[in-house]
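Structure data follow from protein.csv (CSV, C-alpha atoms):
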chain,number,residue,atom,x,y,z
A,245,MET,CA,48.9,87.4,12.0
A,246,LYS,CA,51.9,86.2,13.9
A,247,VAL,CA,55.2,87.3,12.4
A,248,GLU,CA,58.0,84.8,12.7
A,249,GLU,CA,61.3,86.3,13.9
A,250,LYS,CA,64.1,86.1,11.5
A,251,PRO,CA,67.0,83.8,12.4
A,252,SER,CA,69.6,86.6,12.1
A,253,LYS,CA,67.7,88.7,14.7
A,254,ARG,CA,67.5,85.8,17.1
A,255,ILE,CA,71.3,85.2,16.8
A,256,THR,CA,71.9,89.0,17.4
A,257,ARG,CA,69.7,89.0,20.5
A,258,LEU,CA,71.4,85.9,21.9
A,259,PHE,CA,74.8,87.4,21.2
A,260,ARG,CA,73.9,90.5,23.1
A,261,TYR,CA,72.5,88.5,26.0
A,262,ARG,CA,75.7,86.5,26.3
A,263,LEU,CA,77.8,89.8,26.2
A,264,PHE,CA,75.6,91.1,29.1
A,265,VAL,CA,76.2,87.9,31.1
A,266,LEU,CA,80.0,88.1,30.5
A,267,PHE,CA,79.9,91.7,31.6
A,268,LEU,CA,78.2,90.8,34.9
A,269,LEU,CA,80.7,88.0,35.5
A,270,SER,CA,83.6,90.4,34.8
A,271,VAL,CA,82.2,92.9,37.3
A,272,SER,CA,81.7,90.1,39.9
A,273,VAL,CA,85.3,88.9,39.5
A,274,ALA,CA,86.8,92.4,39.6
A,275,SER,CA,84.9,93.4,42.7
A,276,PHE,CA,85.8,90.1,44.6
A,277,ALA,CA,88.8,91.7,46.2
A,278,GLN,CA,86.9,94.6,47.7
A,279,ILE,CA,83.8,95.2,49.7
A,280,SER,CA,81.3,97.3,47.7
A,281,ILE,CA,80.9,99.9,50.5
A,282,SER,CA,81.9,103.5,49.8
A,283,VAL,CA,82.4,105.8,52.7
A,284,SER,CA,82.8,109.5,52.3
A,285,PHE,CA,85.4,109.9,55.1
A,286,GLY,CA,88.3,107.8,56.1
A,287,PRO,CA,88.7,105.7,59.3
A,288,PRO,CA,90.5,106.9,62.5
A,289,PRO,CA,94.2,106.3,62.9
A,290,ILE,CA,95.5,102.9,63.8
A,291,PRO,CA,95.6,102.7,67.6
A,292,VAL,CA,98.8,102.0,69.4
A,293,TYR,CA,98.7,98.7,71.3
A,294,GLU,CA,100.8,95.8,72.5
A,295,GLN,CA,100.8,92.4,70.7
A,296,PRO,CA,99.5,89.5,72.8
A,297,ILE,CA,101.9,86.6,73.2
A,298,CYS,CA,101.8,84.1,70.4
A,299,PRO,CA,99.7,81.0,71.5
A,300,GLY,CA,102.1,78.5,70.0
A,301,ASP,CA,103.9,77.2,66.9
A,302,GLY,CA,102.3,77.8,63.6
A,303,TYR,CA,100.2,80.9,64.5
A,304,ILE,CA,100.5,84.0,62.3
A,305,TRP,CA,99.7,87.5,63.4
A,306,THR,CA,96.7,89.2,61.6
A,307,PRO,CA,96.7,92.9,62.6
A,308,GLY,CA,93.6,94.9,63.7
A,309,TYR,CA,91.8,97.2,61.4
A,310,TRP,CA,88.8,99.6,61.1
A,311,ALA,CA,85.6,98.1,59.6
A,312,TRP,CA,82.3,99.8,58.6
A,313,ASP,CA,78.9,98.6,60.0
A,314,GLY,CA,76.7,100.8,57.7
A,315,ASN,CA,76.7,103.8,60.1
A,316,GLU,CA,80.1,104.1,61.6
A,317,TYR,CA,83.6,102.6,61.9
A,318,TYR,CA,84.4,99.9,64.4
A,319,TRP,CA,87.7,98.3,65.4
A,320,VAL,CA,88.4,94.7,64.7
A,321,PRO,CA,91.1,93.6,67.1
A,322,GLY,CA,94.3,92.0,65.9
A,323,THR,CA,94.6,88.3,66.7
A,324,TRP,CA,96.7,85.2,66.2
A,325,LEU,CA,95.6,82.6,63.6
A,326,ILE,CA,96.9,79.4,62.1
A,327,ALA,CA,97.3,79.7,58.4
A,328,PRO,CA,94.8,77.7,56.4
A,329,GLU,CA,97.6,76.1,54.4
A,330,VAL,CA,101.3,75.5,54.9
A,331,GLY,CA,103.3,78.3,53.3
A,332,PHE,CA,100.5,80.8,53.3
A,333,LEU,CA,100.8,84.4,54.7
A,334,TRP,CA,98.2,87.0,55.5
A,335,THR,CA,97.7,90.1,53.4
A,336,PRO,CA,95.8,92.7,55.5
A,337,GLY,CA,92.8,94.5,54.1
A,338,TYR,CA,92.9,98.3,53.7
A,339,TRP,CA,90.7,101.3,52.9
A,340,GLY,CA,91.5,103.1,49.7
A,341,TRP,CA,90.1,106.2,47.9
A,342,ASP,CA,88.6,105.4,44.5
A,343,GLY,CA,87.7,109.0,43.5
A,344,PHE,CA,84.2,109.0,45.0
A,345,GLY,CA,84.7,107.5,48.5
A,346,PHE,CA,86.7,105.1,50.6
A,347,VAL,CA,86.4,101.4,49.6
A,348,PHE,CA,87.6,98.5,51.7
A,349,HIS,CA,89.9,96.0,49.9
A,350,GLN,CA,89.5,92.7,51.6
A,351,GLY,CA,92.5,90.9,53.0
A,352,TYR,CA,93.4,87.3,51.9
A,353,TRP,CA,95.7,84.4,52.5
A,354,GLY,CA,98.3,83.5,49.8
A,355,SER,CA,101.8,82.3,49.2
A,356,GLN,CA,103.0,86.0,49.1
A,357,VAL,CA,102.1,89.1,51.0
A,358,GLY,CA,100.4,91.4,48.5
A,359,TYR,CA,99.5,95.1,48.6
A,360,TYR,CA,97.8,96.5,51.6
A,361,GLY,CA,97.8,100.2,50.8
A,362,GLY,CA,101.1,101.1,52.3
A,363,ILE,CA,99.4,101.1,55.7
A,364,ASN,CA,101.7,100.7,58.8
A,365,TYR,CA,99.8,98.1,60.9
A,366,GLY,CA,102.9,97.3,62.9
A,367,PHE,CA,104.3,93.9,64.1
A,368,GLY,CA,105.9,93.2,60.8
A,369,TYR,CA,103.3,94.9,58.5
A,370,PHE,CA,105.1,98.2,58.0
A,371,GLY,CA,103.5,99.2,54.6
A,372,HIS,CA,105.0,96.7,52.2
A,373,GLY,CA,105.6,93.0,52.6
A,374,TYR,CA,105.9,91.2,56.0
A,375,GLU,CA,108.9,91.3,58.3
A,376,GLY,CA,107.4,89.3,61.1
A,377,GLY,CA,108.3,85.8,59.9
A,378,ARG,CA,108.8,83.4,57.1
A,379,TRP,CA,108.2,79.9,56.0
A,380,ASP,CA,111.2,77.5,55.7
A,381,ARG,CA,110.9,73.8,54.8
A,382,GLY,CA,107.3,73.6,55.9
A,383,ARG,CA,107.7,75.5,59.2
A,384,PHE,CA,107.0,79.1,60.2
A,385,PHE,CA,109.9,81.0,61.8
A,386,TYR,CA,109.2,84.1,63.9
A,387,ASN,CA,111.2,87.3,63.9
A,388,ARG,CA,111.6,88.0,67.7
A,389,ALA,CA,112.4,91.6,66.9
A,390,VAL,CA,108.7,92.4,66.0
A,391,ASN,CA,106.8,89.5,67.6
A,392,ASN,CA,105.8,88.6,71.2
A,393,VAL,CA,106.7,84.9,71.3
A,394,ASN,CA,106.7,82.4,74.1
A,395,THR,CA,110.1,80.8,73.7
A,396,ASN,CA,108.9,77.8,75.8
A,397,PHE,CA,106.6,76.7,73.1
A,398,VAL,CA,108.1,78.3,70.0
A,399,HIS,CA,111.6,77.4,68.9
A,400,ASN,CA,111.5,78.5,65.3
A,401,LEU,CA,113.0,81.9,65.8
A,402,TYR,CA,115.4,84.4,64.3
A,403,ASP,CA,116.3,88.1,64.9
A,404,ALA,CA,116.1,90.7,62.2
A,405,ARG,CA,116.1,94.3,63.3
A,406,ILE,CA,113.9,96.6,61.2
A,407,VAL,CA,115.2,100.1,60.4
A,408,ASN,CA,113.6,103.2,58.9
A,409,VAL,CA,110.1,102.0,59.7
A,410,ASN,CA,107.3,104.4,58.8
A,411,THR,CA,105.9,105.6,62.2
A,412,ASN,CA,102.6,107.2,61.1
A,413,ARG,CA,99.3,105.6,62.1
A,414,ILE,CA,97.3,106.7,59.0
A,415,SER,CA,94.7,104.0,58.3
A,416,PHE,CA,93.7,104.7,54.7
A,417,ASN,CA,95.3,105.1,51.3
A,418,GLY,CA,94.7,108.1,49.0
A,419,GLY,CA,92.1,110.9,49.5
A,420,ASN,CA,92.6,113.9,51.8
A,421,GLY,CA,95.3,113.1,54.3
A,422,GLY,CA,95.7,109.5,53.3
A,423,ILE,CA,98.9,107.5,52.5
A,424,ASN,CA,100.3,108.4,49.1
A,425,ASP,CA,101.5,105.0,48.0
A,426,ARG,CA,101.1,102.6,45.0
A,427,PRO,CA,101.6,98.9,44.7
A,428,THR,CA,104.9,97.6,43.2
A,429,ARG,CA,105.0,95.5,40.1
A,430,GLU,CA,105.6,92.4,42.3
A,431,GLU,CA,102.7,93.2,44.5
A,432,GLU,CA,100.4,93.6,41.5
A,433,SER,CA,101.5,90.1,40.3
A,434,TYR,CA,100.8,88.6,43.7
A,435,SER,CA,97.2,89.9,43.5
A,436,ARG,CA,96.7,87.5,40.5
A,437,GLU,CA,97.9,84.4,42.4
A,438,ARG,CA,95.6,81.9,44.1
A,439,HIS,CA,94.1,83.3,47.3
A,440,ILE,CA,92.0,82.1,50.2
A,441,PRO,CA,89.5,84.7,51.6
A,442,PRO,CA,89.3,85.3,55.4
A,443,ILE,CA,88.6,82.0,57.1
A,444,GLY,CA,85.6,81.4,59.4
A,445,GLU,CA,87.4,82.3,62.6
A,446,GLN,CA,88.2,85.7,61.1
A,447,THR,CA,84.7,86.3,60.0
A,448,ARG,CA,83.2,85.4,63.4
A,449,HIS,CA,85.9,87.5,65.1
A,450,ALA,CA,84.9,90.6,63.0
A,451,GLU,CA,81.1,90.0,63.6
A,452,ALA,CA,81.7,89.7,67.3
A,453,ALA,CA,83.5,93.0,67.3
A,454,ARG,CA,80.7,94.6,65.3
A,455,GLY,CA,78.2,93.5,67.9
A,456,ASN,CA,80.2,95.0,70.7
A,457,LYS,CA,79.6,98.7,71.1
A,458,ASP,CA,82.9,99.2,72.9
A,459,PHE,CA,84.6,98.7,69.6
A,460,HIS,CA,82.6,101.4,67.8
A,461,ALA,CA,84.5,104.7,67.1
A,462,SER,CA,81.6,106.8,68.5
A,463,VAL,CA,82.1,105.0,71.9
A,464,ASN,CA,85.9,104.6,72.1
A,465,GLN,CA,86.8,107.8,70.2
A,466,GLY,CA,89.3,105.9,68.1
A,467,ARG,CA,91.0,104.3,71.1
A,468,PRO,CA,89.5,100.8,71.8
A,469,ALA,CA,90.2,99.4,75.2
A,470,VAL,CA,90.9,96.0,73.7
A,471,ALA,CA,92.8,96.5,70.5
A,472,ALA,CA,94.2,93.0,70.2
A,473,THR,CA,93.4,89.5,71.4
A,474,GLN,CA,95.4,86.3,71.7
A,475,ARG,CA,92.7,84.2,70.1
A,476,PRO,CA,89.7,85.2,67.9
A,477,GLY,CA,86.8,86.6,69.8
A,478,ALA,CA,88.5,86.4,73.2
A,479,PHE,CA,87.9,90.0,74.1
A,480,ASN,CA,89.4,89.8,77.6
A,481,ALA,CA,87.2,86.8,78.2
A,482,PRO,CA,88.0,84.7,81.3
A,483,GLY,CA,89.6,81.3,80.5
A,484,SER,CA,91.1,82.5,77.2
A,485,ALA,CA,94.7,81.5,78.3
A,486,VAL,CA,96.1,78.6,76.4
A,487,HIS,CA,99.0,77.7,78.6
A,488,PRO,CA,99.6,78.0,82.4
A,489,SER,CA,102.3,80.6,81.9
A,490,GLU,CA,99.6,82.9,80.4
A,491,LEU,CA,97.5,82.8,83.6
A,492,PRO,CA,97.8,85.6,86.2
A,493,PRO,CA,100.1,84.5,89.0
A,494,LEU,CA,98.6,82.9,92.0
A,495,THR,CA,97.9,85.2,94.9
A,496,ARG,CA,99.7,84.3,98.1
A,497,PRO,CA,97.1,83.9,100.9
A,498,SER,CA,96.9,86.6,103.6
A,499,SER,CA,97.6,85.7,107.2
A,500,PRO,CA,94.4,84.6,109.1
A,501,ASN,CA,93.4,86.6,112.1
A,502,THR,CA,90.8,84.8,114.2
A,503,GLY,CA,92.2,85.9,117.5
A,504,ASN,CA,93.5,82.4,118.3
A,505,PRO,CA,97.2,82.2,117.5
A,506,LYS,CA,97.3,78.4,117.3
A,507,LEU,CA,94.2,78.3,115.0
A,508,ASP,CA,95.7,81.1,112.8
A,509,GLN,CA,98.9,79.1,112.5
A,510,ARG,CA,97.1,76.0,111.4
A,511,TYR,CA,95.0,77.9,108.9
A,512,GLN,CA,98.1,79.6,107.5
A,513,GLN,CA,99.8,76.2,107.0
A,514,GLN,CA,96.8,74.9,105.1
A,515,GLN,CA,96.7,77.9,102.9
A,516,GLU,CA,100.5,77.8,102.2
A,517,HIS,CA,100.2,74.0,101.4
A,518,LEU,CA,97.4,74.7,98.9
A,519,TYR,CA,99.3,77.6,97.4
A,520,GLY,CA,102.5,75.4,96.9
A,521,LYS,CA,100.5,72.5,95.5
A,522,GLN,CA,98.7,74.6,92.9
A,523,ASN,CA,102.0,76.2,91.8
A,524,GLN,CA,103.5,72.7,91.3
A,525,GLU,CA,100.5,71.7,89.3
A,526,ARG,CA,100.9,74.7,87.0
A,527,GLN,CA,104.6,73.9,86.5
A,528,LYS,CA,103.8,70.2,85.8
A,529,LEU,CA,101.2,71.1,83.2
A,530,GLN,CA,103.5,73.7,81.7
A,531,GLN,CA,106.2,71.1,81.2
A,532,GLN,CA,103.8,68.6,79.9
A,533,GLN,CA,102.5,71.0,77.2
A,534,GLU,CA,106.1,72.0,76.3
A,535,ASN,CA,107.0,68.4,75.7
A,536,GLN,CA,103.9,68.0,73.5
A,537,HIS,CA,104.9,71.0,71.4
A,538,GLN,CA,108.4,69.6,71.1
A,539,ASN,CA,107.1,66.2,69.9
A,540,LEU,CA,104.8,68.0,67.4
A,541,SER,CA,107.7,70.1,66.1
A,542,ARG,CA,109.6,66.9,65.0
A,543,GLN,CA,106.7,66.0,62.7
A,544,THR,CA,105.7,67.6,59.4
A,545,PHE,CA,103.8,70.8,60.1
A,546,ASN,CA,100.1,70.3,59.9
A,547,PRO,CA,97.8,73.3,60.7
A,548,ALA,CA,94.9,71.2,61.7
A,549,ARG,CA,96.9,69.0,64.1
A,550,THR,CA,98.5,72.1,65.6
A,551,GLN,CA,95.2,73.7,66.2
A,552,GLN,CA,93.8,70.6,67.8
A,553,LEU,CA,96.7,70.5,70.2
A,554,GLU,CA,96.2,74.1,71.1
A,555,GLN,CA,92.5,73.6,71.7
A,556,ARG,CA,93.2,70.6,73.9
A,557,GLN,CA,95.8,72.4,75.9
A,558,GLN,CA,93.6,75.4,76.4
A,559,GLN,CA,90.9,73.1,77.8
A,560,GLN,CA,93.4,71.5,80.1
A,561,THR,CA,94.5,75.0,81.4
A,562,GLN,CA,90.9,76.1,81.9
A,563,GLN,CA,90.0,72.9,83.8
A,564,MET,CA,93.1,73.4,86.0
A,565,GLN,CA,92.2,77.0,86.7
A,566,GLN,CA,88.6,76.2,87.6
A,567,ARG,CA,89.8,73.3,89.9
A,568,HIS,CA,92.1,75.7,91.7
A,569,VAL,CA,89.4,78.3,92.2
A,570,GLN,CA,87.1,75.6,93.6
A,571,GLN,CA,89.9,74.3,96.0
A,572,GLN,CA,90.4,77.8,97.3
A,573,GLN,CA,86.7,78.4,97.9
A,574,GLN,CA,86.4,75.1,99.7
A,575,LEU,CA,89.3,75.9,102.0
A,576,GLN,CA,87.8,79.3,102.8
A,577,GLN,CA,84.4,77.6,103.6
A,578,ARG,CA,86.0,75.1,105.9
A,579,GLN,CA,87.8,77.8,107.8
A,580,GLN,CA,85.0,80.3,107.8
A,581,PRO,CA,82.7,78.8,110.6
A,582,SER,CA,85.6,79.0,113.1
A,583,ARG,CA,86.6,82.5,112.2
A,584,GLN,CA,85.0,84.0,115.2
A,585,PRO,CA,86.8,86.2,117.7
A,586,HIS,CA,88.3,84.0,120.4
A,587,ARG,CA,86.9,84.6,123.8
If you took the structure in this file and wrote it as structure tokens, what would it be?
Amino acid sequence: MKVEEKPSKRITRLFRYRLFVLFLLSVSVASFAQISISVSFGPPPIPVYEQPICPGDGYIWTPGYWAWDGNEYYWVPGTWLIAPEVGFLWTPGYWGWDGFGFVFHQGYWGSQVGYYGGINYGFGYFGHGYEGGRWDRGRFFYNRAVNNVNTNFVHNLYDARIVNVNTNRISFNGGNGGINDRPTREEESYSRERHIPPIGEQTRHAEAARGNKDFHASVNQGRPAVAATQRPGAFNAPGSAVHPSELPPLTRPSSPNTGNPKLDQRYQQQQEHLYGKQNQERQKLQQQQENQHQNLSRQTFNPARTQQLEQRQQQQTQQMQQRHVQQQQQLQQRQQPSRQPHR
């Protein structure tokens, strides 16, 4: 005979089920700020590297860091990014000891720079806060003392020298040999504010580094050849320059030597003419792009509009560079058939 369950038991069971669901939700929320990977040993030191020049107005530096691929650490190069919202700053991620292993605490975008383990990432991220720049009336101002800024395109500048900067390159907090540092009360309050997780460009940038063996610690021994990039994923890729001033200088042509002095003189004139013409085109495009940035700076700062301008200018620069290479090749081909010893 089927025994009907008493209402009190059903209520008790439903109550326990709801408690269990709430527990799972609380665990999910608590673990949102960290990646649930525990590593028994800490990452290598932060490599010493130079910061690439800032691509343009509105970009914010996001420092490089060591990530874990399931087997070993790999380096994710630092790069410049446009903040997802006006007034937002980047709080870097960091590795911290939790008593059982090293856990990675994910970085985030927010109105304040929160706690990042006391790690000295350099370029304004010296352990607490950010000394590389600040927002003022909807525009980002760069501290030239710690940033590599192209003053032709960026005019929101100030100078603030940093003193007593921690010079160690330790890349993790706590544990054996780690940074002995705790968050301040303000930093703890910042962690409870509204945040935006790493944007798509950052995720793709990290995945590209993960798939490149040169960034793995077992290959580079903690010293990656490319420790920072001007744009996400541009690991020394050709055509990554945004503006003509970031291209390598044009190579002045060598003197022809066909054995015919008159022919050599004519070829030399053709080469010098092309060299001068291409330099003028670079300068003209450079000035055009500077004017575009100045016009944009008079408007209310818009991250999407700024990024669109940068992408369009990068395309212009790449097209000009490709055209110049083709012109040089065509000139060499025209001169090549006659480059026989004069008899």
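Of the residues under consideration (A:Pro287, A:Pro336, A:Gly368, A:Pro321), A:Pro321 shows the shortest atom-to-atom contact distance to Arg448 (chain A) when counting all atoms listed in the file.
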Worksheet entry | Best match for closeness to Ala453 (chain A) among A:Ile326, A:Glu554, A:Pro441, A:Gly477, counting only C-alpha atoms | A:Gly477
Worksheet item: Can you find the residues with an atom no farther than 8 Å from (109.5, 87.2, 61.1), counting only C-alpha atoms, and report them as a ChimeraX atom specification?
Response: /A:368,374-378,385-391,401-404
Discussion item. Report, in Å to a single decimal, how far apart CA of Phe332 (chain A) and CA of Val407 (chain A) are.
Written reply: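 Distance between the two atoms: 25.3 Å.
We find CA of Pro468 (chain A) and CA of Ser489 (chain A) to be spaced 26.0 Å apart.
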Practice prompt. For Tyr352 (chain A), please output as a list in words all residues within 10 Å (counting all atoms listed in the file; exclusion window: fewer than 4 positions along the same chain).
Written response: Ala277, Phe332, Leu333, Trp334, Thr335, Pro336, Gly337, Val357, Gly358, Ser435, Arg438, His439, Ile440, Pro441, Pro442 and Ile443 of chain A
Fill in: Nearest candidate to Gly371 (chain A) (options A:Asn394, A:Arg426, A:Asn535, A:Phe384; using all atoms listed in the file)
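When distances to Gly371 (chain A) are compared using all atoms listed in the file, the smallest one comes from A:Arg426.
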Item to complete: Kindly indicate which residue among A:Phe348, A:Phe367, A:Phe397, A:Trp379 lies nearest to Asn417 (chain A), using all atoms listed in the file for the distances.
Response: A:Phe348
Fill in: Counting all atoms listed in the file, the residue of A:Val569, A:Ala548, A:Leu553, A:Val463 that sits nearest Leu494 (chain A)
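Closest residue, counting all atoms listed in the file: A:Val569.
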Worksheet item: Which polymer residues have any atom within 7 Å of an atom of Trp310 (chain A), counting all atoms listed in the file, with same-chain residues fewer than 5 positions away left out, as a list in words?
Response: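 Close residues of Trp310 (chain A): Pro287, Tyr317, Tyr318, Trp319 and Val320 of chain A.
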Fill in: Top pick for closest residue to Glu432 (chain A), considering A:Arg475, A:Arg454, A:His460, A:Tyr359 and counting only C-alpha atoms
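The shortest atom-to-atom distance to Glu432 (chain A) comes from A:Tyr359.
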Worksheet item: For the atom pair CA of Ile304 (chain A) and CA of Pro492 (chain A), what is the interatomic distance in Å to one decimal place?
Response: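 Straight-line distance from CA of Ile304 (chain A) to CA of Pro492 (chain A) works out to 24.1 Å.
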Worksheet item: What's the 10 Å shell around region 562-564 of chain A, counting all atoms listed in the file, without same-chain residues fewer than 4 positions away, as a list in words?
Response: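 So, after excluding close chain neighbours, the residues are Pro482, Gly483, Ser484, Ala485, Val486, His487, Pro488, Leu491, Gln522, Glu525, Arg526, Leu529, Arg556, Gln557, Gln558, His568, Val569 and Gln570 of chain A.
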